[in-house]
>>> print(open('work_32.cif').read())   # mmCIF, C-alpha atoms and all ligand atoms
data_target
loop_
_atom_site.label_atom_id
_atom_site.label_comp_id
_atom_site.auth_asym_id
_atom_site.auth_seq_id
_atom_site.Cartn_x
_atom_site.Cartn_y
_atom_site.Cartn_z
CA MET A 187 -72.86 16.29 39.58
CA LEU A 188 -71.83 15.95 35.95
CA PRO A 189 -68.12 16.07 35.07
CA SER A 190 -66.96 19.67 34.50
CA GLY A 191 -63.78 19.09 32.48
CA THR A 192 -63.61 17.62 28.99
CA LEU A 193 -64.05 13.85 29.14
CA ARG A 194 -61.15 11.84 27.68
CA ILE A 195 -62.42 8.37 28.48
CA HIS A 196 -60.62 6.92 25.46
CA GLU A 197 -57.34 7.76 27.23
CA LEU A 198 -58.15 5.52 30.22
CA THR A 199 -56.54 2.06 30.30
CA SER A 200 -58.90 -0.77 29.37
CA GLU A 201 -59.05 -1.83 33.07
CA GLU A 202 -59.93 1.75 34.10
CA ARG A 203 -62.57 1.93 31.36
CA ALA A 204 -64.18 -1.25 32.70
CA VAL A 205 -64.51 0.29 36.19
CA TYR A 206 -65.58 3.67 34.79
CA ALA A 207 -68.36 1.92 32.85
CA THR A 208 -69.87 0.78 36.17
CA LEU A 209 -70.06 4.36 37.53
CA LYS A 210 -73.12 6.59 37.42
CA PRO A 211 -71.73 9.76 35.76
CA GLU A 212 -74.48 11.92 37.28
CA CYS A 213 -73.42 10.87 40.83
CA LEU A 214 -69.67 11.36 40.61
CA PRO A 215 -68.20 13.01 43.69
CA GLU A 216 -67.15 16.59 43.06
CA HIS A 217 -64.16 16.59 45.36
CA VAL A 218 -61.92 13.72 46.49
CA ALA A 219 -59.28 14.29 49.16
CA ILE A 220 -56.51 11.73 49.72
CA ILE A 221 -54.21 11.00 52.65
CA MET A 222 -51.25 9.49 50.80
CA ASP A 223 -49.69 7.11 53.32
CA GLY A 224 -47.32 4.16 53.20
CA ASN A 225 -44.33 5.38 51.18
CA GLY A 226 -41.91 4.30 53.93
CA ARG A 227 -43.53 0.87 54.33
CA TRP A 228 -43.52 0.33 50.58
CA ALA A 229 -39.77 0.92 50.56
CA GLY A 230 -39.17 -1.07 53.75
CA ARG A 231 -40.89 -4.16 52.32
CA ARG A 232 -38.42 -4.06 49.44
CA SER A 233 -35.41 -3.32 51.66
CA LEU A 234 -35.11 0.06 49.96
CA LYS A 235 -34.48 3.45 51.51
CA ARG A 236 -37.55 5.50 52.45
CA PHE A 237 -36.59 8.08 49.82
CA ILE A 238 -37.34 5.58 47.05
CA GLY A 239 -40.81 5.13 48.52
CA HIS A 240 -41.41 8.89 48.31
CA GLN A 241 -40.15 8.93 44.72
CA GLN A 242 -42.59 6.19 43.78
CA GLY A 243 -45.27 8.11 45.69
CA ALA A 244 -44.65 11.13 43.47
CA ARG A 245 -45.18 8.90 40.41
CA SER A 246 -48.55 7.83 41.88
CA VAL A 247 -49.51 11.50 42.23
CA GLN A 248 -48.83 11.99 38.52
CA LEU A 249 -50.81 8.92 37.44
CA VAL A 250 -53.81 9.59 39.71
CA MET A 251 -53.89 13.22 38.55
CA GLU A 252 -54.01 12.05 34.91
CA THR A 253 -56.86 9.62 35.50
CA ALA A 254 -58.79 12.31 37.40
CA SER A 255 -58.37 14.72 34.49
CA ARG A 256 -59.44 12.08 31.93
CA ILE A 257 -62.78 11.56 33.69
CA GLY A 258 -63.32 15.34 33.93
CA PHE A 259 -63.02 15.25 37.70
CA PRO A 260 -63.12 18.79 39.20
CA TRP A 261 -61.32 18.75 42.57
CA LEU A 262 -58.51 16.49 43.83
CA THR A 263 -56.77 17.46 47.08
CA LEU A 264 -53.68 15.54 48.22
CA TYR A 265 -52.00 15.63 51.65
CA ALA A 266 -48.38 15.96 50.56
CA PHE A 267 -46.58 17.43 53.60
CA SER A 268 -48.03 18.10 57.04
CA ILE A 269 -46.86 20.47 59.75
CA GLU A 270 -46.25 17.35 61.84
CA ASN A 271 -44.05 15.83 59.06
CA ASP A 272 -41.98 19.01 59.22
CA LEU A 273 -41.63 18.87 63.00
CA ARG A 274 -41.13 15.14 63.49
CA ARG A 275 -39.14 13.80 60.53
CA PRO A 276 -35.34 13.83 60.20
CA LYS A 277 -33.97 16.90 58.45
CA ALA A 278 -32.54 14.75 55.63
CA GLU A 279 -35.98 13.33 54.82
CA ILE A 280 -37.58 16.79 54.87
CA ASN A 281 -34.89 18.13 52.56
CA PHE A 282 -35.47 15.21 50.22
CA LEU A 283 -39.24 15.82 50.20
CA MET A 284 -38.65 19.48 49.34
CA ARG A 285 -36.31 18.56 46.46
CA LEU A 286 -38.80 15.96 45.30
CA LEU A 287 -41.61 18.52 45.31
CA LYS A 288 -39.52 20.90 43.22
CA SER A 289 -38.58 18.26 40.69
CA PHE A 290 -42.18 16.98 40.61
CA LEU A 291 -43.36 20.46 39.65
CA GLU A 292 -40.56 20.98 37.11
CA SER A 293 -41.24 17.70 35.35
CA ASN A 294 -45.04 17.73 35.60
CA VAL A 295 -46.15 21.23 34.64
CA GLN A 296 -46.11 20.32 30.92
CA ARG A 297 -48.16 17.21 31.76
CA MET A 298 -50.61 19.41 33.70
CA MET A 299 -50.92 21.68 30.64
CA ASP A 300 -51.54 18.65 28.40
CA ASN A 301 -54.19 17.41 30.83
CA ASN A 302 -55.82 20.82 31.47
CA VAL A 303 -54.91 20.52 35.19
CA ARG A 304 -54.59 23.60 37.39
CA ILE A 305 -52.36 23.31 40.46
CA ARG A 306 -53.01 25.10 43.75
CA TYR A 307 -51.86 24.74 47.36
CA ILE A 308 -53.24 24.93 50.87
CA GLY A 309 -51.28 25.24 54.11
CA ARG A 310 -48.72 27.56 55.66
CA THR A 311 -46.81 27.49 52.40
CA HIS A 312 -45.05 30.78 53.20
CA GLU A 313 -43.01 28.75 55.73
CA LEU A 314 -41.55 26.46 53.04
CA PRO A 315 -38.03 27.12 51.66
CA ALA A 316 -37.96 30.16 49.33
CA GLU A 317 -36.79 28.21 46.26
CA VAL A 318 -39.64 25.71 46.71
CA GLN A 319 -42.15 28.56 47.00
CA GLU A 320 -40.76 30.06 43.83
CA LYS A 321 -41.26 26.81 41.91
CA MET A 322 -44.75 26.47 43.38
CA ARG A 323 -45.68 29.96 42.24
CA TRP A 324 -44.34 29.26 38.76
CA ALA A 325 -46.40 26.05 38.46
CA GLU A 326 -49.53 27.77 39.82
CA GLU A 327 -49.21 30.73 37.46
CA THR A 328 -48.40 28.56 34.43
CA THR A 329 -51.45 26.34 34.97
CA ALA A 330 -53.80 29.06 36.27
CA ARG A 331 -55.93 29.25 33.14
CA ASN A 332 -56.54 25.49 32.87
CA THR A 333 -60.18 24.61 33.38
CA GLY A 334 -60.17 20.85 34.08
CA THR A 335 -59.12 19.20 37.34
CA THR A 336 -57.84 21.42 40.14
CA LEU A 337 -55.04 19.52 41.85
CA THR A 338 -54.52 20.99 45.31
CA LEU A 339 -51.45 19.98 47.29
CA ALA A 340 -51.69 20.40 51.06
CA LEU A 341 -48.18 21.50 52.04
CA LYS A 342 -47.02 22.48 55.51
CA TYR A 343 -50.68 21.84 56.24
CA GLY A 344 -52.48 21.06 59.49
CA GLY A 345 -56.25 21.09 60.01
CA ARG A 346 -56.00 22.72 63.44
CA SER A 347 -53.58 25.40 62.26
CA GLU A 348 -55.92 26.09 59.34
CA LEU A 349 -58.68 26.75 61.88
CA VAL A 350 -56.36 28.99 63.92
CA ASP A 351 -55.51 30.95 60.76
CA ALA A 352 -59.21 31.18 59.83
CA PHE A 353 -60.21 32.42 63.30
CA ARG A 354 -57.40 34.98 63.29
CA SER A 355 -58.49 36.46 59.97
CA LEU A 356 -62.18 36.31 60.92
CA ALA A 357 -61.41 38.10 64.20
CA ALA A 358 -59.51 40.80 62.29
CA GLU A 359 -62.46 41.25 59.92
CA MET A 360 -64.91 41.45 62.83
CA LYS A 361 -62.81 44.09 64.54
CA LEU A 362 -62.56 46.13 61.36
CA LYS A 363 -66.29 45.93 60.64
CA HIS A 364 -67.41 46.12 64.31
CA ILE A 365 -69.23 42.78 64.11
CA SER A 366 -70.31 41.16 67.39
CA PRO A 367 -69.48 37.44 68.06
CA GLU A 368 -73.17 36.35 68.10
CA ARG A 369 -73.35 37.16 64.42
CA ILE A 370 -70.66 34.62 63.42
CA THR A 371 -72.03 31.89 61.15
CA GLU A 372 -70.60 28.67 59.72
CA GLU A 373 -70.44 30.47 56.39
CA ASP A 374 -68.14 33.12 57.94
CA ILE A 375 -65.73 30.41 59.11
CA HIS A 376 -65.89 28.72 55.70
CA ARG A 377 -64.97 32.01 54.00
CA HIS A 378 -61.74 32.22 55.99
CA LEU A 379 -60.53 28.65 55.41
CA TYR A 380 -57.76 27.89 52.89
CA THR A 381 -60.43 25.94 50.98
CA ALA A 382 -63.00 28.79 50.75
CA HIS A 383 -62.95 28.54 46.95
CA MET A 384 -63.78 24.83 46.73
CA PRO A 385 -66.60 22.50 47.77
CA ASP A 386 -66.09 20.24 50.79
CA PRO A 387 -64.75 16.77 49.91
CA ASP A 388 -67.41 14.16 49.18
CA LEU A 389 -64.91 11.35 49.59
CA LEU A 390 -61.74 10.98 51.67
CA ILE A 391 -59.39 8.16 50.70
CA ARG A 392 -56.62 6.98 53.01
CA THR A 393 -54.05 4.50 51.82
CA SER A 394 -52.07 1.93 53.85
CA GLY A 395 -54.86 0.93 56.19
CA GLU A 396 -54.60 3.41 59.08
CA MET A 397 -57.97 4.53 60.49
CA ARG A 398 -56.92 8.08 61.29
CA LEU A 399 -57.63 11.57 59.98
CA SER A 400 -54.16 12.87 60.87
CA ASN A 401 -55.25 16.48 61.21
CA TYR A 402 -56.50 16.68 57.59
CA LEU A 403 -59.30 19.05 56.53
CA LEU A 404 -60.98 18.76 59.94
CA TRP A 405 -63.72 21.33 59.31
CA GLN A 406 -64.36 20.30 55.70
CA ILE A 407 -64.89 16.56 56.26
CA ALA A 408 -67.94 16.89 58.53
CA TYR A 409 -70.10 14.86 56.09
CA THR A 410 -67.40 13.26 53.95
CA GLU A 411 -67.53 9.54 53.18
CA ILE A 412 -64.32 7.76 54.20
CA PHE A 413 -62.64 4.99 52.20
CA VAL A 414 -59.60 3.26 53.69
CA THR A 415 -57.55 0.86 51.57
CA GLU A 416 -54.68 -1.39 52.68
CA ARG A 417 -52.87 -0.52 49.44
CA LEU A 418 -49.74 1.56 50.03
CA TRP A 419 -49.63 4.93 48.25
CA PRO A 420 -46.77 4.03 45.82
CA ASP A 421 -49.00 1.17 44.55
CA PHE A 422 -52.10 3.40 44.19
CA ARG A 423 -53.14 4.10 40.61
CA GLY A 424 -55.99 5.75 38.72
CA ILE A 425 -57.95 2.50 38.68
CA HIS A 426 -57.96 2.50 42.51
CA LEU A 427 -59.37 6.02 42.49
CA LEU A 428 -62.16 4.76 40.22
CA GLU A 429 -62.77 1.76 42.50
CA ALA A 430 -63.04 4.07 45.52
CA ILE A 431 -65.56 6.19 43.59
CA ALA A 432 -67.55 3.03 42.75
CA ASP A 433 -67.66 2.18 46.47
CA PHE A 434 -68.69 5.79 47.24
CA GLN A 435 -71.63 5.46 44.84
CA LEU A 436 -72.99 2.57 46.93
CA ARG A 437 -73.18 4.77 50.02
CA GLU A 438 -76.31 6.56 51.11
CA ARG A 439 -75.50 10.08 52.28
CA ARG A 440 -77.99 11.31 54.84
CA TYR A 441 -76.37 14.48 56.31
CA GLY A 442 -78.05 13.76 59.64
CA GLY A 443 -81.45 13.12 57.99
CA LEU A 444 -83.31 9.84 57.51
CA SER A 445 -82.81 7.10 54.98
CA GLU A 446 -85.15 7.37 51.98
CA SER A 447 -86.22 3.77 52.71
CA VAL A 448 -87.67 4.76 56.14
CA GLY A 449 -90.86 6.10 54.50
CA GLU A 450 -93.54 7.84 56.62
CA VAL A 451 -92.44 8.61 60.19
CA GLU A 452 -94.76 7.21 62.94
CA GLU A 453 -96.48 10.04 64.84
CA ASN A 454 -98.76 7.99 67.12
CA PRO A 455 -98.01 9.11 70.74
CA GLU A 456 -99.38 5.75 72.11
CA ARG A 457 -96.73 3.84 70.25
CA ILE A 458 -94.02 6.25 71.42
CA ARG A 459 -95.12 5.63 75.09
CA ILE A 460 -95.00 1.85 74.59
CA ALA A 461 -91.57 2.07 73.00
CA ALA A 462 -90.30 4.31 75.83
CA GLY A 463 -91.72 2.05 78.55
C1 LIG B 1 -46.50 9.16 53.79
O1 LIG B 1 -45.54 8.18 53.69
C2 LIG B 1 -46.37 10.21 52.84
C3 LIG B 1 -45.85 11.46 53.04
C4 LIG B 1 -44.88 11.85 54.06
C5 LIG B 1 -46.30 12.55 52.21
C6 LIG B 1 -46.64 12.23 50.79
C7 LIG B 1 -45.52 12.46 49.90
C8 LIG B 1 -45.46 11.96 48.65
C9 LIG B 1 -46.52 11.16 48.03
C10 LIG B 1 -44.25 12.17 47.86
C11 LIG B 1 -44.17 13.34 46.99
C12 LIG B 1 -45.38 14.11 46.68
C13 LIG B 1 -45.38 15.09 45.78
C14 LIG B 1 -46.59 15.89 45.51
C15 LIG B 1 -44.19 15.40 45.01
P1 LIG B 1 -44.82 7.77 55.03
O2 LIG B 1 -43.39 8.18 54.91
O3 LIG B 1 -45.54 8.33 56.22
O4 LIG B 1 -44.98 6.21 54.98
P2 LIG B 1 -44.95 5.21 56.22
O5 LIG B 1 -46.10 5.56 57.12
O6 LIG B 1 -45.10 3.86 55.57
O7 LIG B 1 -43.61 5.40 56.88
#
>>> encode(input="work_32.cif", output="structure tokens")
Amino acid sequence: MLPSGTLRIHELTSEERAVYATLKPECLPEHVAIIMDGNGRWAGRRSLKRFIGHQQGARSVQLVMETASRIGFPWLTLYAFSIENDLRRPKAEINFLMRLLKSFLESNVQRMMDNNVRIRYIGRTHELPAEVQEKMRWAEETTARNTGTTLTLALKYGGRSELVDAFRSLAAEMKLKHISPERITEEDIHRHLYTAHMPDPDLLIRTSGEMRLSNYLLWQIAYTEIFVTERLWPDFRGIHLLEAIADFQLRERRYGGLSESVGEVEENPERIRIAAG
């Protein structure tokens, strides 16, 4: 895949340029999804309140978005607020995250315009507070005609609830069009996901070292490469995105097939018997 947006490599920091120079531009991933984790730990290690960790996390979102746009990267999808966050976190923290989201959008839309970034959302966003939804709509409409990076925020998102929503709308379509269940294909399910308009992620990054998927993009990550870093999200910068992409380019993606280095496959039945015995 060649970068789709306009390249602004000269705007990268010299450290970022050094990593970018090691990348193969024709093998850049098309879509990177990130589980942004570790805001609370970042704050805790500095004896600060968790809120400060979230604030610093929002700054990381801005910086990573800018680096992505400078390298002409098409799709960046960030897990910003899960259904489980909404159910299991104290009300005060949820309220803070909502205010932070609003102020992030207010103060970053101009930056998105300058960087040709389009913002979109996935999740049960209609369940978010009305004033947050209003700000989200404003940011989405303002940036809708930008053609560089699409920054998608997963908000009030859960992978299982996305599948429930997809199956509900597929079932409604089947009823309307009198389609029988045997005719359902993977493509039909894909069409009803929140992510129907984008390619599946090539790379999933998780910060702060946990080896979990946390209900993120469960259908879409079937063949996604996973990169886990110990770095906490508030310390994550554009250069770390580039390093993760460099690591991704060392992987061999087989999609259930064989490695190219395997060569001709042995078809001698004698040998198969010996091996089985
Ligand atoms: C995990 O930290 C992060 C979140 C709850 C969601 C991500 C939120 C942000 C990056 C802040 C704002 C984002 C935007 C787009 C404005 P945690 O609290 O789970 O950290 P911990 O596991 O160390 O406690």
>>> residues_near_ligand(input="work_32.cif", ligand="ligand LIG 1 (chain B)", cutoff="6 Å", atoms="all atoms listed in the file", output="ChimeraX atom specification")
/A:222-227,240,243-244,266-267,286-287,290
>>> residues_near_point(input="work_32.cif", point="(-67.1, 3.5, 50.2)", cutoff="6 Å", atoms="all atoms listed in the file", output="list in words")
Phe413, Asp433 and Phe434 of chain A
>>> write_last_selection(input="work_32.cif", atoms="C-alpha atoms", output="PDB file, in the frame of the given file")
ATOM      1  CA  PHE A 413     -62.640   4.990  52.200  1.00  0.00           C
ATOM      2  CA  ASP A 433     -67.660   2.180  46.470  1.00  0.00           C
ATOM      3  CA  PHE A 434     -68.690   5.790  47.240  1.00  0.00           C
TER       4      PHE A 434
END
>>> atom_distance(input="work_32.cif", atom1="CA of Met360 in chain A", atom2="CA of His376 in chain A")
14.6 Å
>>> atom_distance(input="work_32.cif", atom1="CA of Arg304 in chain A", atom2="CA of Thr336 in chain A")
4.8 Å
>>> closest_residue(input="work_32.cif", among="A:Asp388, A:Glu292, A:Glu396, A:Glu320", to="Ile412 in chain A", atoms="only C-alpha atoms")
A:Asp388
>>> closest_residue(input="work_32.cif", among="A:Ile431, A:Ser293, A:Ile425, A:Ile220", to="Ala340 in chain A", atoms="all atoms listed in the file")
A:Ile220
>>> atom_distance(input="work_32.cif", atom1="CA of Arg423 in chain A", atom2="CA of Gln248 in chain A")
9.2 Å
>>> closest_residue(input="work_32.cif", among="A:Ile280, A:Asn294, A:Arg310, A:Ser347", to="Trp324 in chain A", atoms="only C-alpha atoms")
A:Asn294
>>> residues_around(input="work_32.cif", residues="Leu390 in chain A", least_positions_apart="6", cutoff="10 Å", atoms="all atoms listed in the file", output="short mmCIF file (atom, residue, chain, number, x, y, z; two decimals) with C-alpha atoms, in the coordinates of the input")
data_model
loop_
_atom_site.label_atom_id
_atom_site.label_comp_id
_atom_site.auth_asym_id
_atom_site.auth_seq_id
_atom_site.Cartn_x
_atom_site.Cartn_y
_atom_site.Cartn_z
CA HIS A 217 -64.16 16.59 45.36
CA VAL A 218 -61.92 13.72 46.49
CA ALA A 219 -59.28 14.29 49.16
CA ILE A 220 -56.51 11.73 49.72
CA ILE A 221 -54.21 11.00 52.65
CA THR A 263 -56.77 17.46 47.08
CA LEU A 264 -53.68 15.54 48.22
CA LEU A 399 -57.63 11.57 59.98
CA TYR A 402 -56.50 16.68 57.59
CA LEU A 403 -59.30 19.05 56.53
CA ILE A 407 -64.89 16.56 56.26
CA THR A 410 -67.40 13.26 53.95
CA GLU A 411 -67.53 9.54 53.18
CA ILE A 412 -64.32 7.76 54.20
CA PHE A 413 -62.64 4.99 52.20
CA VAL A 414 -59.60 3.26 53.69
CA ALA A 430 -63.04 4.07 45.52
CA PHE A 434 -68.69 5.79 47.24
#
>>> residues_around(input="work_32.cif", residues="Asn281 in chain A", least_positions_apart="3", cutoff="12 Å", atoms="all atoms listed in the file", output="list in words")
Phe237, Phe267, Asn271, Asp272, Arg275, Pro276, Lys277, Ala278, Met284, Arg285, Leu286, Leu287, Lys288, Leu314, Pro315 and Val318 of chain A
>>> closest_residue(input="work_32.cif", among="A:Ala357, A:Ala204, A:Leu428, A:Leu209", to="Val250 in chain A", atoms="all atoms listed in the file")
A:Leu428
>>> axis_aligned_box(input="work_32.cif", around="range 244-247 of chain A", padding_each_side="8 Å", output="JSON")
{"center_x": -47.1, "center_y": 9.7, "center_z": 41.9, "size_x": 20.9, "size_y": 19.7, "size_z": 19.1}
>>> closest_atom_pairs(input="work_32.cif", of="range 314-380 of chain A", to="range 192-197 of chain A", cutoff="10 Å", atoms="all atoms listed in the file", output="CSV")
residue,atom,partner,partner_atom,distance
A:Thr333,CA,A:Thr192,CA,8.9
A:Gly334,CA,A:Thr192,CA,6.9
A:Thr335,CA,A:Thr192,CA,9.6
>>> closest_residue(input="work_32.cif", among="A:His383, A:Arg203, A:His312, A:Arg440", to="Ile257 in chain A", atoms="only C-alpha atoms")
A:Arg203
>>> residues_around(input="work_32.cif", residues="Arg297 in chain A", least_positions_apart="5", cutoff="9 Å", atoms="all atoms listed in the file", output="PyMOL selection string")
chain A and resi 248+252+302-303
>>> build_atoms(input="work_32.cif", residues="range 310-332 of chain A", atoms="N, CA, C and O atoms", output="short mmCIF file (atom, residue, chain, number, x, y, z; two decimals), in the coordinates of the input")
data_model
loop_
_atom_site.label_atom_id
_atom_site.label_comp_id
_atom_site.auth_asym_id
_atom_site.auth_seq_id
_atom_site.Cartn_x
_atom_site.Cartn_y
_atom_site.Cartn_z
N ARG A 310 -49.58 26.40 55.35
CA ARG A 310 -48.72 27.56 55.66
C ARG A 310 -47.53 27.53 54.71
O ARG A 310 -46.37 27.36 55.12
N THR A 311 -47.83 27.68 53.43
CA THR A 311 -46.81 27.49 52.40
C THR A 311 -45.73 28.57 52.45
O THR A 311 -44.63 28.37 51.95
N HIS A 312 -46.07 29.71 53.08
CA HIS A 312 -45.05 30.78 53.20
C HIS A 312 -43.91 30.35 54.11
O HIS A 312 -42.87 31.01 54.17
N GLU A 313 -44.08 29.22 54.85
CA GLU A 313 -43.01 28.75 55.73
C GLU A 313 -42.09 27.74 55.02
O GLU A 313 -41.15 27.23 55.61
N LEU A 314 -42.40 27.40 53.78
CA LEU A 314 -41.55 26.46 53.04
C LEU A 314 -40.31 27.19 52.53
O LEU A 314 -40.31 28.43 52.42
N PRO A 315 -39.24 26.45 52.17
CA PRO A 315 -38.03 27.12 51.66
C PRO A 315 -38.35 28.00 50.45
O PRO A 315 -39.20 27.65 49.62
N ALA A 316 -37.65 29.15 50.36
CA ALA A 316 -37.96 30.16 49.33
C ALA A 316 -37.91 29.58 47.92
O ALA A 316 -38.77 29.88 47.08
N GLU A 317 -36.92 28.71 47.65
CA GLU A 317 -36.79 28.21 46.26
C GLU A 317 -37.92 27.25 45.92
O GLU A 317 -38.33 27.15 44.76
N VAL A 318 -38.48 26.59 46.95
CA VAL A 318 -39.64 25.71 46.71
C VAL A 318 -40.87 26.57 46.42
O VAL A 318 -41.62 26.32 45.48
N GLN A 319 -41.01 27.64 47.22
CA GLN A 319 -42.15 28.56 47.00
C GLN A 319 -42.12 29.17 45.60
O GLN A 319 -43.14 29.33 44.96
N GLU A 320 -40.90 29.46 45.16
CA GLU A 320 -40.76 30.06 43.83
C GLU A 320 -41.25 29.09 42.75
O GLU A 320 -42.00 29.46 41.85
N LYS A 321 -40.83 27.84 42.87
CA LYS A 321 -41.26 26.81 41.91
C LYS A 321 -42.77 26.60 41.99
O LYS A 321 -43.45 26.42 40.97
N MET A 322 -43.30 26.65 43.21
CA MET A 322 -44.75 26.47 43.38
C MET A 322 -45.52 27.58 42.67
O MET A 322 -46.51 27.34 42.00
N ARG A 323 -45.02 28.80 42.86
CA ARG A 323 -45.68 29.96 42.24
C ARG A 323 -45.66 29.83 40.72
O ARG A 323 -46.65 30.05 40.04
N TRP A 324 -44.49 29.43 40.21
CA TRP A 324 -44.34 29.26 38.76
C TRP A 324 -45.35 28.24 38.23
O TRP A 324 -46.05 28.50 37.24
N ALA A 325 -45.47 27.10 38.92
CA ALA A 325 -46.40 26.05 38.46
C ALA A 325 -47.84 26.55 38.55
O ALA A 325 -48.66 26.32 37.66
N GLU A 326 -48.15 27.27 39.63
CA GLU A 326 -49.53 27.77 39.82
C GLU A 326 -49.88 28.78 38.73
O GLU A 326 -50.95 28.72 38.12
N GLU A 327 -48.93 29.70 38.48
CA GLU A 327 -49.21 30.73 37.46
C GLU A 327 -49.30 30.12 36.06
O GLU A 327 -50.17 30.47 35.27
N THR A 328 -48.41 29.17 35.77
CA THR A 328 -48.40 28.56 34.43
C THR A 328 -49.71 27.82 34.16
O THR A 328 -50.21 27.82 33.03
N THR A 329 -50.27 27.18 35.19
CA THR A 329 -51.45 26.34 34.97
C THR A 329 -52.75 27.06 35.33
O THR A 329 -53.83 26.47 35.25
N ALA A 330 -52.64 28.34 35.70
CA ALA A 330 -53.80 29.06 36.27
C ALA A 330 -55.02 29.10 35.35
O ALA A 330 -56.15 29.14 35.82
N ARG A 331 -54.79 29.11 34.05
CA ARG A 331 -55.93 29.25 33.14
C ARG A 331 -56.52 27.91 32.69
O ARG A 331 -57.44 27.86 31.89
N ASN A 332 -55.97 26.80 33.21
CA ASN A 332 -56.54 25.49 32.87
C ASN A 332 -57.89 25.33 33.56
O ASN A 332 -58.11 25.85 34.66
#
